[in-house]
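Colleague: File protein.cif below, mmCIF, C-alpha atoms:
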data_upload
#
loop_
_atom_site.label_atom_id
_atom_site.label_comp_id
_atom_site.auth_asym_id
_atom_site.auth_seq_id
_atom_site.Cartn_x
_atom_site.Cartn_y
_atom_site.Cartn_z
CA MET A 1 -12.16 -51.49 28.41
CA LYS A 2 -14.46 -48.63 29.37
CA LYS A 3 -11.56 -46.81 31.00
CA LEU A 4 -9.46 -47.24 27.84
CA LEU A 5 -12.28 -45.92 25.63
CA SER A 6 -12.75 -42.96 27.96
CA VAL A 7 -9.03 -42.12 27.77
CA ILE A 8 -9.06 -42.38 23.92
CA ILE A 9 -12.18 -40.21 23.59
CA LEU A 10 -10.75 -37.63 26.00
CA THR A 11 -7.42 -37.56 24.11
CA ILE A 12 -9.10 -37.15 20.72
CA SER A 13 -11.39 -34.42 22.05
CA THR A 14 -8.40 -32.56 23.50
CA LEU A 15 -6.50 -32.77 20.20
CA ILE A 16 -9.50 -31.54 18.19
CA PHE A 17 -10.07 -28.64 20.57
CA ALA A 18 -6.37 -27.71 20.45
CA GLN A 19 -6.41 -27.69 16.64
CA GLU A 20 -9.54 -25.53 16.50
CA SER A 21 -8.33 -23.05 19.11
CA LYS A 22 -4.83 -22.72 17.65
CA GLU A 23 -4.46 -19.41 15.83
CA SER A 24 -3.53 -19.62 12.17
CA LYS A 25 -0.02 -18.45 11.30
CA TRP A 26 -0.98 -17.27 7.81
CA ILE A 27 -3.37 -14.50 6.70
CA LEU A 28 -3.97 -13.71 3.03
CA LYS A 29 -5.11 -10.11 2.36
CA LEU A 30 -6.40 -7.74 -0.32
CA ASN A 31 -5.57 -4.04 0.00
CA ALA A 32 -8.95 -2.45 -0.75
CA THR A 33 -7.63 1.14 -0.67
CA GLN A 34 -5.06 0.52 -3.42
CA LEU A 35 -7.84 -0.51 -5.81
CA VAL A 36 -9.00 3.14 -5.91
CA ASP A 37 -5.69 4.97 -5.38
CA ALA A 38 -6.03 8.02 -7.64
CA VAL A 39 -3.16 10.00 -6.08
CA SER A 40 -0.44 7.67 -7.37
CA TYR A 41 -1.99 4.84 -9.43
CA PRO A 42 -4.46 2.02 -8.71
CA THR A 43 -3.14 -1.50 -8.18
CA VAL A 44 -4.53 -4.92 -7.36
CA MET A 45 -2.44 -5.54 -4.24
CA ILE A 46 -2.19 -8.87 -2.42
CA SER A 47 -0.29 -9.57 0.78
CA ALA A 48 0.45 -12.49 3.07
CA GLU A 49 1.20 -12.19 6.78
CA ARG A 50 3.20 -14.88 8.57
CA LYS A 51 3.12 -14.95 12.38
CA ILE A 52 6.60 -15.65 13.77
CA ASN A 53 5.21 -15.94 17.30
CA PRO A 54 2.16 -14.48 19.11
CA TYR A 55 3.78 -11.01 19.18
CA PHE A 56 5.72 -10.62 15.92
CA SER A 57 4.93 -11.17 12.24
CA VAL A 58 6.17 -10.40 8.73
CA ASN A 59 3.86 -9.08 6.00
CA GLY A 60 4.89 -9.17 2.32
CA GLU A 61 2.80 -7.29 -0.25
CA ILE A 62 2.88 -6.87 -4.03
CA GLY A 63 0.51 -5.16 -6.47
CA TYR A 64 0.22 -4.60 -10.21
CA GLN A 65 -1.51 -1.84 -12.14
CA LEU A 66 -4.16 -3.55 -14.27
CA TYR A 67 -6.25 -0.47 -15.15
CA GLU A 68 -6.30 3.35 -15.08
CA PHE A 69 -8.97 5.94 -14.30
CA SER A 70 -8.28 8.25 -17.26
CA LYS A 71 -6.56 7.87 -20.60
CA ALA A 72 -4.83 10.53 -22.71
CA ASP A 73 -5.83 10.98 -26.36
CA THR A 74 -2.20 10.74 -27.45
CA ILE A 75 -0.27 7.87 -25.84
CA ILE A 76 3.43 8.54 -25.30
CA LEU A 77 4.02 5.70 -22.81
CA LYS A 78 1.57 2.89 -22.06
CA SER A 79 0.41 2.72 -18.46
CA ARG A 80 1.94 0.04 -16.30
CA GLY A 81 3.37 -0.21 -12.82
CA PHE A 82 3.78 -2.20 -9.65
CA LYS A 83 4.22 -1.69 -5.90
CA THR A 84 5.88 -3.88 -3.32
CA ASN A 85 6.17 -3.67 0.47
CA LEU A 86 7.93 -5.66 3.18
CA GLU A 87 6.75 -5.05 6.73
CA GLY A 88 7.79 -6.30 10.13
CA ARG A 89 5.24 -5.71 12.87
CA VAL A 90 4.77 -6.15 16.61
CA TYR A 91 1.39 -6.61 18.31
CA LEU A 92 2.19 -4.14 21.04
CA PHE A 93 -0.37 -4.80 23.77
CA LYS A 94 -0.01 -8.57 23.45
CA LEU A 95 3.75 -8.18 23.94
CA LEU A 96 3.46 -5.77 26.87
CA ASN A 97 0.96 -8.02 28.65
CA SER A 98 2.73 -11.28 27.66
CA ARG A 99 -0.61 -12.44 26.31
CA ILE A 100 -0.67 -15.36 23.86
CA GLU A 101 -4.34 -15.44 22.88
CA SER A 102 -5.58 -12.75 20.48
CA LYS A 103 -8.49 -10.48 21.25
CA ARG A 104 -11.06 -9.34 18.71
CA THR A 105 -9.02 -6.18 18.07
CA GLU A 106 -5.22 -6.16 18.21
CA PHE A 107 -3.19 -2.96 17.84
CA TYR A 108 0.13 -3.24 16.02
CA VAL A 109 3.13 -1.08 15.10
CA GLY A 110 5.10 -1.90 11.98
CA LEU A 111 8.15 -0.82 9.99
CA GLN A 112 7.49 -0.97 6.24
CA LEU A 113 10.04 -0.79 3.44
CA PHE A 114 8.51 -0.01 0.03
CA TYR A 115 9.39 0.31 -3.65
CA ARG A 116 7.15 1.61 -6.45
CA GLU A 117 7.66 1.93 -10.18
CA ASN A 118 5.27 3.04 -12.94
CA GLN A 119 4.98 4.84 -16.24
CA SER A 120 2.15 6.50 -18.16
CA THR A 121 1.12 9.51 -20.27
CA ASP A 122 -0.04 12.78 -18.77
CA ILE A 123 -1.26 16.12 -20.10
CA VAL A 124 -0.48 19.69 -19.09
CA ASP A 125 -1.99 23.01 -20.17
CA TYR A 126 0.39 25.96 -20.04
CA SER A 127 0.94 29.50 -21.24
CA PRO A 128 4.08 31.53 -21.94
CA LEU A 129 5.16 33.67 -19.01
CA ASN A 130 3.42 37.08 -19.04
CA ASN A 131 1.10 36.01 -21.87
CA ALA A 132 -1.89 34.22 -20.37
CA ASP A 133 -3.99 34.74 -23.52
CA VAL A 134 -2.02 32.04 -25.34
CA LYS A 135 -2.51 28.45 -24.17
CA TYR A 136 -0.84 25.21 -25.23
CA THR A 137 -1.74 21.60 -24.46
CA ASP A 138 1.14 19.17 -24.09
CA ASN A 139 1.01 15.36 -23.90
CA PHE A 140 4.12 13.86 -22.33
CA GLY A 141 5.34 10.57 -20.94
CA PHE A 142 6.69 9.97 -17.46
CA LYS A 143 8.48 7.23 -15.56
CA ARG A 144 8.48 7.29 -11.75
CA LYS A 145 10.42 5.31 -9.19
CA ALA A 146 9.99 5.68 -5.44
CA LYS A 147 11.52 3.95 -2.45
CA GLY A 148 11.45 4.60 1.27
CA PHE A 149 10.01 3.53 4.59
CA ASN A 150 6.90 4.05 6.72
CA VAL A 151 6.18 3.54 10.39
CA LEU A 152 2.68 2.01 10.46
CA PHE A 153 0.00 2.03 13.15
CA GLY A 154 -2.98 -0.26 12.69
CA ASN A 155 -5.61 -2.57 14.11
CA GLN A 156 -6.25 -6.16 13.14
CA ILE A 157 -9.96 -6.69 13.71
CA SER A 158 -11.40 -10.23 13.70
CA VAL A 159 -14.85 -10.08 12.12
CA SER A 160 -15.10 -13.87 12.39
CA LYS A 161 -12.75 -16.82 12.88
CA LYS A 162 -11.60 -16.46 9.28
CA ILE A 163 -12.24 -12.84 8.19
CA VAL A 164 -10.16 -9.89 9.40
CA LEU A 165 -10.18 -6.17 8.66
CA GLU A 166 -7.00 -4.15 8.94
CA PRO A 167 -7.22 -0.33 8.90
CA TYR A 168 -3.86 1.45 9.16
CA ILE A 169 -2.06 4.78 8.82
CA GLY A 170 1.64 5.47 8.34
CA LEU A 171 4.29 8.18 8.35
CA GLY A 172 7.68 8.02 6.68
CA LEU A 173 10.17 9.28 4.11
CA MET A 174 10.30 8.69 0.36
CA ASN A 175 12.84 9.26 -2.41
CA ARG A 176 11.25 9.90 -5.83
CA LYS A 177 12.89 9.91 -9.25
CA VAL A 178 10.85 11.16 -12.24
CA GLU A 179 11.90 11.10 -15.91
CA ASN A 180 9.93 12.82 -18.71
CA THR A 181 9.63 11.98 -22.38
CA ALA A 182 8.48 14.28 -25.24
CA ILE A 183 7.64 17.23 -23.00
CA ASP A 184 7.61 20.80 -24.38
CA TYR A 185 6.66 22.56 -21.14
CA ASN A 186 9.61 24.45 -19.64
CA GLU A 187 9.34 25.92 -16.17
CA SER A 188 11.68 28.80 -17.03
CA LYS A 189 9.51 29.86 -20.01
CA HIS A 190 5.98 28.72 -19.18
CA GLU A 191 3.43 28.61 -16.39
CA ILE A 192 0.80 25.92 -15.85
CA VAL A 193 -2.79 26.99 -16.49
CA GLY A 194 -5.22 26.12 -13.71
CA THR A 195 -6.49 27.15 -10.32
CA GLY A 196 -6.42 25.55 -6.87
CA LEU A 197 -4.49 22.28 -6.73
CA VAL A 198 -4.38 21.78 -10.51
CA PRO A 199 -0.76 23.00 -10.94
CA PHE A 200 0.36 20.88 -7.97
CA PHE A 201 -1.09 17.63 -9.36
CA ARG A 202 0.23 18.37 -12.85
CA GLU A 203 3.74 18.81 -11.48
CA LEU A 204 3.72 15.46 -9.66
CA ASN A 205 4.65 13.67 -12.89
CA MET A 206 7.43 16.10 -13.84
CA GLU A 207 11.17 15.79 -13.24
CA LYS A 208 11.17 18.80 -10.89
CA LYS A 209 9.34 16.64 -8.33
CA SER A 210 12.30 14.27 -7.96
CA GLY A 211 13.90 14.25 -4.53
CA ASN A 212 13.21 13.36 -0.90
CA TYR A 213 9.75 13.88 0.56
CA PHE A 214 7.75 13.29 3.71
CA ASN A 215 5.29 10.45 3.15
CA PHE A 216 1.84 9.78 4.59
CA CYS A 217 -0.24 6.70 3.87
CA PHE A 218 -3.46 5.07 5.02
CA GLY A 219 -5.49 2.09 3.96
CA LEU A 220 -7.72 -0.88 4.65
CA ARG A 221 -6.87 -4.52 4.07
CA VAL A 222 -9.40 -7.35 4.03
CA GLY A 223 -7.93 -10.67 5.10
CA TYR A 224 -8.67 -14.39 5.30
CA ARG A 225 -7.00 -16.72 7.79
CA LEU A 226 -5.74 -19.84 6.06
#
Take the structure from the file and write it as structure tokens.

Modeller:
Amino acid sequence: MKKLLSVIILTISTLIFAQESKESKWILKLNATQLVDAVSYPTVMISAERKINPYFSVNGEIGYQLYEFSKADTIILKSRGFKTNLEGRVYLFKLLNSRIESKRTEFYVGLQLFYRENQSTDIVDYSPLNNADVKYTDNFGFKRKAKGFNVLFGNQISVSKKIVLEPYIGLGLMNRKVENTAIDYNESKHEIVGTGLVPFFRELNMEKKSGNYFNFCFGLRVGYRL
């Protein structure tokens, strides 16, 4: 009887230990950087990572624009937008070393496909060519679509058994399409008023910025192992 009880206790203990030590296959994350993205538009972006095996995983991400940092006096198009990403990643050093157990920090390389779409109202100050003394202010609407890919490099850092931090950077290519509504500014007749990077940022929401571009991204995700 004592031997039987010992075997049962040992078996139960082994099962409990195996369940506790087994790494979760799912991680739910919030992209903290996208909450304050002023270059494109801020979104509340949630993702879920599913481990296929100890070395490979898939991360799906989607975000919606729920707010904006500035608002034009005259609204041509109401602000709204979303972003979505699909990423396949490999935990490189685990794969190279054929290591199953995760360390506190795990480096990964990923291939991310992305799509973005948003609309809003912007404002541009401009003057007629060769007549800088005259200035006009123009409110106009814009719709933007962007798709492309990034090669990502990041670290998955285990702060605790449940909490992870995930800083990353990425390089890639992007195709942008911009459409304008109710715009009076004409590049052939006018010049944008402003110094430094002001003209550059004003042009980002104009049709002339449609086309293929090099893309750089970075961010920080905060995750919770389910």

Colleague: Run the PyMOL selection byres ((chain A and resi 37-50) around 6) on the file and write out the hits as a short mmCIF file (atom, residue, chain, number, x, y, z; two decimals) with C-alpha atoms, keeping the file's coordinate frame.

Modeller:
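Just written: part_27.cif:
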data_model
loop_
_atom_site.label_atom_id
_atom_site.label_comp_id
_atom_site.auth_asym_id
_atom_site.auth_seq_id
_atom_site.Cartn_x
_atom_site.Cartn_y
_atom_site.Cartn_z
CA LYS A 25 -0.02 -18.45 11.30
CA TRP A 26 -0.98 -17.27 7.81
CA ILE A 27 -3.37 -14.50 6.70
CA LEU A 28 -3.97 -13.71 3.03
CA LYS A 29 -5.11 -10.11 2.36
CA LEU A 30 -6.40 -7.74 -0.32
CA ASN A 31 -5.57 -4.04 0.00
CA GLN A 34 -5.06 0.52 -3.42
CA LEU A 35 -7.84 -0.51 -5.81
CA VAL A 36 -9.00 3.14 -5.91
CA LYS A 51 3.12 -14.95 12.38
CA SER A 57 4.93 -11.17 12.24
CA VAL A 58 6.17 -10.40 8.73
CA ASN A 59 3.86 -9.08 6.00
CA GLY A 60 4.89 -9.17 2.32
CA GLU A 61 2.80 -7.29 -0.25
CA ILE A 62 2.88 -6.87 -4.03
CA GLY A 63 0.51 -5.16 -6.47
CA TYR A 64 0.22 -4.60 -10.21
CA GLN A 65 -1.51 -1.84 -12.14
#

Colleague: Would you kindly translate the PyMOL selection byres ((chain A and resi 126) around 12) into the concrete residues it picks from this file, as an mmCIF file with C-alpha atoms, keeping the file's coordinate frame?

Modeller:
data_model
loop_
_atom_site.group_PDB
_atom_site.id
_atom_site.type_symbol
_atom_site.label_atom_id
_atom_site.label_comp_id
_atom_site.auth_asym_id
_atom_site.auth_seq_id
_atom_site.Cartn_x
_atom_site.Cartn_y
_atom_site.Cartn_z
ATOM 1 C CA ILE A 123 -1.260 16.120 -20.100
ATOM 2 C CA VAL A 124 -0.480 19.690 -19.090
ATOM 3 C CA ASP A 125 -1.990 23.010 -20.170
ATOM 4 C CA SER A 127 0.940 29.500 -21.240
ATOM 5 C CA PRO A 128 4.080 31.530 -21.940
ATOM 6 C CA LEU A 129 5.160 33.670 -19.010
ATOM 7 C CA ASN A 130 3.420 37.080 -19.040
ATOM 8 C CA ASN A 131 1.100 36.010 -21.870
ATOM 9 C CA ALA A 132 -1.890 34.220 -20.370
ATOM 10 C CA ASP A 133 -3.990 34.740 -23.520
ATOM 11 C CA VAL A 134 -2.020 32.040 -25.340
ATOM 12 C CA LYS A 135 -2.510 28.450 -24.170
ATOM 13 C CA TYR A 136 -0.840 25.210 -25.230
ATOM 14 C CA THR A 137 -1.740 21.600 -24.460
ATOM 15 C CA ASP A 138 1.140 19.170 -24.090
ATOM 16 C CA ASN A 139 1.010 15.360 -23.900
ATOM 17 C CA ILE A 183 7.640 17.230 -23.000
ATOM 18 C CA ASP A 184 7.610 20.800 -24.380
ATOM 19 C CA TYR A 185 6.660 22.560 -21.140
ATOM 20 C CA ASN A 186 9.610 24.450 -19.640
ATOM 21 C CA GLU A 187 9.340 25.920 -16.170
ATOM 22 C CA LYS A 189 9.510 29.860 -20.010
ATOM 23 C CA HIS A 190 5.980 28.720 -19.180
ATOM 24 C CA GLU A 191 3.430 28.610 -16.390
ATOM 25 C CA ILE A 192 0.800 25.920 -15.850
ATOM 26 C CA VAL A 193 -2.790 26.990 -16.490
ATOM 27 C CA GLY A 194 -5.220 26.120 -13.710
ATOM 28 C CA THR A 195 -6.490 27.150 -10.320
ATOM 29 C CA VAL A 198 -4.380 21.780 -10.510
ATOM 30 C CA PRO A 199 -0.760 23.000 -10.940
ATOM 31 C CA ARG A 202 0.230 18.370 -12.850
ATOM 32 C CA GLU A 203 3.740 18.810 -11.480
#

Colleague: Report the distance between CA of Gln156 (chain A) and CA of Gly172 (chain A) in Å, rounded to one decimal place.

Modeller: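 It comes out at 20.9 Å.
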
Colleague: List the spatial neighbours of Asn205 (chain A) as JSON, numbers by chain - criterion: any atom at most 9 Å away, only C-alpha atoms, same-chain residues fewer than 4 positions off excluded.

Modeller: {"A": [122, 141, 142, 143, 144, 178, 179, 180, 201, 209]}

Colleague: Using all atoms listed in the file, determine which residues lie at most 10 Å from Phe93 (chain A), disregarding the query and same-chain residues fewer than 4 positions distant; provide the list as a short mmCIF file (atom, residue, chain, number, x, y, z; two decimals) with C-alpha atoms, in the coordinates of the input.

Modeller:
data_model
loop_
_atom_site.label_atom_id
_atom_site.label_comp_id
_atom_site.auth_asym_id
_atom_site.auth_seq_id
_atom_site.Cartn_x
_atom_site.Cartn_y
_atom_site.Cartn_z
CA TYR A 55 3.78 -11.01 19.18
CA ASN A 97 0.96 -8.02 28.65
CA SER A 98 2.73 -11.28 27.66
CA ARG A 99 -0.61 -12.44 26.31
CA GLU A 106 -5.22 -6.16 18.21
CA PHE A 107 -3.19 -2.96 17.84
CA TYR A 108 0.13 -3.24 16.02
#

Colleague: So which residues touch Val159 (chain A) within 10 Å, counting all atoms listed in the file, skipping near sequence neighbours fewer than 3 positions away, as a list in words?

Modeller: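 The residues that qualify are Arg104, Thr105, Gln156, Lys162, Ile163, Val164, Leu165 and Gly223 of chain A.
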
Colleague: What is the distance between CA of Val151 (chain A) and CA of Glu87 (chain A), in Å to one decimal?

Modeller: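 Here the two named atoms are 9.4 Å from each other.
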
Colleague: Just want the 9 Å neighbourhood of Lys103 (chain A), counted on only C-alpha atoms, with same-chain residues fewer than 3 positions away dropped. Output as a ChimeraX atom specification.

Modeller: /A:94,106,157-158

Colleague: Ranking A:Leu226, A:Ser210, A:Gly219, A:Leu66 by minimum distance to Gly154 (chain A) and counting all atoms listed in the file, which one comes first?

Modeller: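 Closest to Gly154 (chain A), using all atoms listed in the file: A:Gly219.
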
Colleague: Quick one: pull the distance between CA of Pro167 (chain A) and CA of Phe218 (chain A), Å, one decimal.

Modeller: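 Computing it gives 7.6 Å between the two atoms.
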
Colleague: Run the PyMOL selection byres ((chain A and resi 89) around 6) against the file shown and list the residues it catches, as a ChimeraX atom specification.

Modeller: /A:56-57,88,90,109-110

Colleague: Considering all atoms listed in the file, return as a list in words whatever protein or nucleic-acid residues lie within 8 Å of Asn118 (chain A), sequence-local ones (same chain, fewer than 6 positions apart) excluded.

Modeller: Ser79, Arg80, Gly81, Phe82, Lys143, Arg144 and Lys145 of chain A

Colleague: Create the file for the chosen residues now, containing C-alpha atoms and written as an mmCIF file, keeping the file's coordinate frame.

Modeller:
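Saved to out.cif:
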data_model
loop_
_atom_site.group_PDB
_atom_site.id
_atom_site.type_symbol
_atom_site.label_atom_id
_atom_site.label_comp_id
_atom_site.auth_asym_id
_atom_site.auth_seq_id
_atom_site.Cartn_x
_atom_site.Cartn_y
_atom_site.Cartn_z
ATOM 1 C CA SER A 79 0.410 2.720 -18.460
ATOM 2 C CA ARG A 80 1.940 0.040 -16.300
ATOM 3 C CA GLY A 81 3.370 -0.210 -12.820
ATOM 4 C CA PHE A 82 3.780 -2.200 -9.650
ATOM 5 C CA LYS A 143 8.480 7.230 -15.560
ATOM 6 C CA ARG A 144 8.480 7.290 -11.750
ATOM 7 C CA LYS A 145 10.420 5.310 -9.190
#

Colleague: Just checking: using only C-alpha atoms, which residue out of A:Leu173, A:Glu101, A:Gly148, A:Thr121 ends up closest to Leu77 (chain A)?

Modeller: A:Thr121

Colleague: Complete the atoms of region 22-33 of chain A to all heavy atoms and put them out as a short mmCIF file (atom, residue, chain, number, x, y, z; two decimals), in the coordinates of the input.

Modeller:
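Output saved as result-v9.cif:
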data_model
loop_
_atom_site.label_atom_id
_atom_site.label_comp_id
_atom_site.auth_asym_id
_atom_site.auth_seq_id
_atom_site.Cartn_x
_atom_site.Cartn_y
_atom_site.Cartn_z
N LYS A 22 -6.14 -23.22 18.05
CA LYS A 22 -4.83 -22.72 17.65
C LYS A 22 -5.00 -21.66 16.56
O LYS A 22 -5.67 -21.85 15.57
CB LYS A 22 -3.99 -23.88 17.13
CG LYS A 22 -2.55 -23.48 16.82
CD LYS A 22 -1.75 -24.68 16.38
CE LYS A 22 -0.32 -24.29 16.07
NZ LYS A 22 0.47 -25.46 15.61
N GLU A 23 -4.34 -20.52 16.77
CA GLU A 23 -4.46 -19.41 15.83
C GLU A 23 -3.65 -19.69 14.58
O GLU A 23 -2.51 -20.15 14.64
CB GLU A 23 -3.97 -18.13 16.50
CG GLU A 23 -4.16 -16.87 15.67
CD GLU A 23 -3.79 -15.63 16.42
OE1 GLU A 23 -3.99 -15.59 17.65
OE2 GLU A 23 -3.27 -14.70 15.79
N SER A 24 -4.22 -19.40 13.43
CA SER A 24 -3.53 -19.62 12.17
C SER A 24 -2.32 -18.71 12.05
O SER A 24 -2.35 -17.55 12.45
CB SER A 24 -4.49 -19.36 11.00
OG SER A 24 -3.80 -19.42 9.77
N LYS A 25 -1.24 -19.23 11.48
CA LYS A 25 -0.02 -18.45 11.30
C LYS A 25 -0.02 -17.65 10.01
O LYS A 25 0.83 -16.78 9.82
CB LYS A 25 1.20 -19.38 11.35
CG LYS A 25 1.45 -20.00 12.71
CD LYS A 25 2.72 -20.82 12.70
CE LYS A 25 3.01 -21.40 14.09
NZ LYS A 25 4.26 -22.20 14.09
N TRP A 26 -0.95 -17.94 9.11
CA TRP A 26 -0.98 -17.27 7.81
C TRP A 26 -2.29 -16.52 7.61
O TRP A 26 -3.36 -17.05 7.91
CB TRP A 26 -0.83 -18.28 6.67
CG TRP A 26 0.56 -18.83 6.53
CD1 TRP A 26 1.04 -20.00 7.05
CD2 TRP A 26 1.66 -18.26 5.81
NE1 TRP A 26 2.35 -20.17 6.72
CE2 TRP A 26 2.76 -19.13 5.95
CE3 TRP A 26 1.80 -17.08 5.06
CZ2 TRP A 26 4.00 -18.86 5.38
CZ3 TRP A 26 3.04 -16.82 4.49
CH2 TRP A 26 4.12 -17.69 4.64
N ILE A 27 -2.19 -15.28 7.09
CA ILE A 27 -3.37 -14.50 6.70
C ILE A 27 -3.13 -13.94 5.30
O ILE A 27 -2.13 -13.27 5.06
CB ILE A 27 -3.65 -13.33 7.67
CG1 ILE A 27 -3.78 -13.83 9.11
CG2 ILE A 27 -4.94 -12.61 7.26
CD1 ILE A 27 -4.00 -12.72 10.12
N LEU A 28 -4.03 -14.23 4.39
CA LEU A 28 -3.97 -13.71 3.03
C LEU A 28 -4.88 -12.49 2.94
O LEU A 28 -6.02 -12.53 3.40
CB LEU A 28 -4.43 -14.77 2.04
CG LEU A 28 -4.26 -14.46 0.54
CD1 LEU A 28 -2.79 -14.32 0.18
CD2 LEU A 28 -4.92 -15.54 -0.31
N LYS A 29 -4.37 -11.36 2.32
CA LYS A 29 -5.11 -10.11 2.36
C LYS A 29 -5.18 -9.43 1.00
O LYS A 29 -4.29 -9.60 0.16
CB LYS A 29 -4.45 -9.13 3.35
CG LYS A 29 -4.18 -9.70 4.72
CD LYS A 29 -3.32 -8.74 5.53
CE LYS A 29 -2.80 -9.40 6.78
NZ LYS A 29 -1.84 -8.53 7.49
N LEU A 30 -6.24 -8.63 0.83
CA LEU A 30 -6.40 -7.74 -0.32
C LEU A 30 -6.42 -6.32 0.19
O LEU A 30 -7.17 -5.99 1.11
CB LEU A 30 -7.70 -8.05 -1.06
CG LEU A 30 -8.09 -7.05 -2.16
CD1 LEU A 30 -7.13 -7.13 -3.34
CD2 LEU A 30 -9.53 -7.30 -2.64
N ASN A 31 -5.59 -5.45 -0.40
CA ASN A 31 -5.57 -4.04 0.00
C ASN A 31 -6.66 -3.30 -0.76
O ASN A 31 -6.50 -2.94 -1.93
CB ASN A 31 -4.19 -3.43 -0.29
CG ASN A 31 -3.99 -2.12 0.44
OD1 ASN A 31 -4.88 -1.29 0.49
ND2 ASN A 31 -2.79 -1.94 0.99
N ALA A 32 -7.79 -3.06 -0.10
CA ALA A 32 -8.95 -2.45 -0.75
C ALA A 32 -8.68 -1.00 -1.16
O ALA A 32 -9.19 -0.53 -2.18
CB ALA A 32 -10.16 -2.52 0.18
N THR A 33 -7.89 -0.27 -0.39
CA THR A 33 -7.63 1.14 -0.67
C THR A 33 -6.84 1.31 -1.97
O THR A 33 -7.08 2.25 -2.73
CB THR A 33 -6.85 1.78 0.50
OG1 THR A 33 -7.46 1.42 1.72
CG2 THR A 33 -6.83 3.29 0.36
#
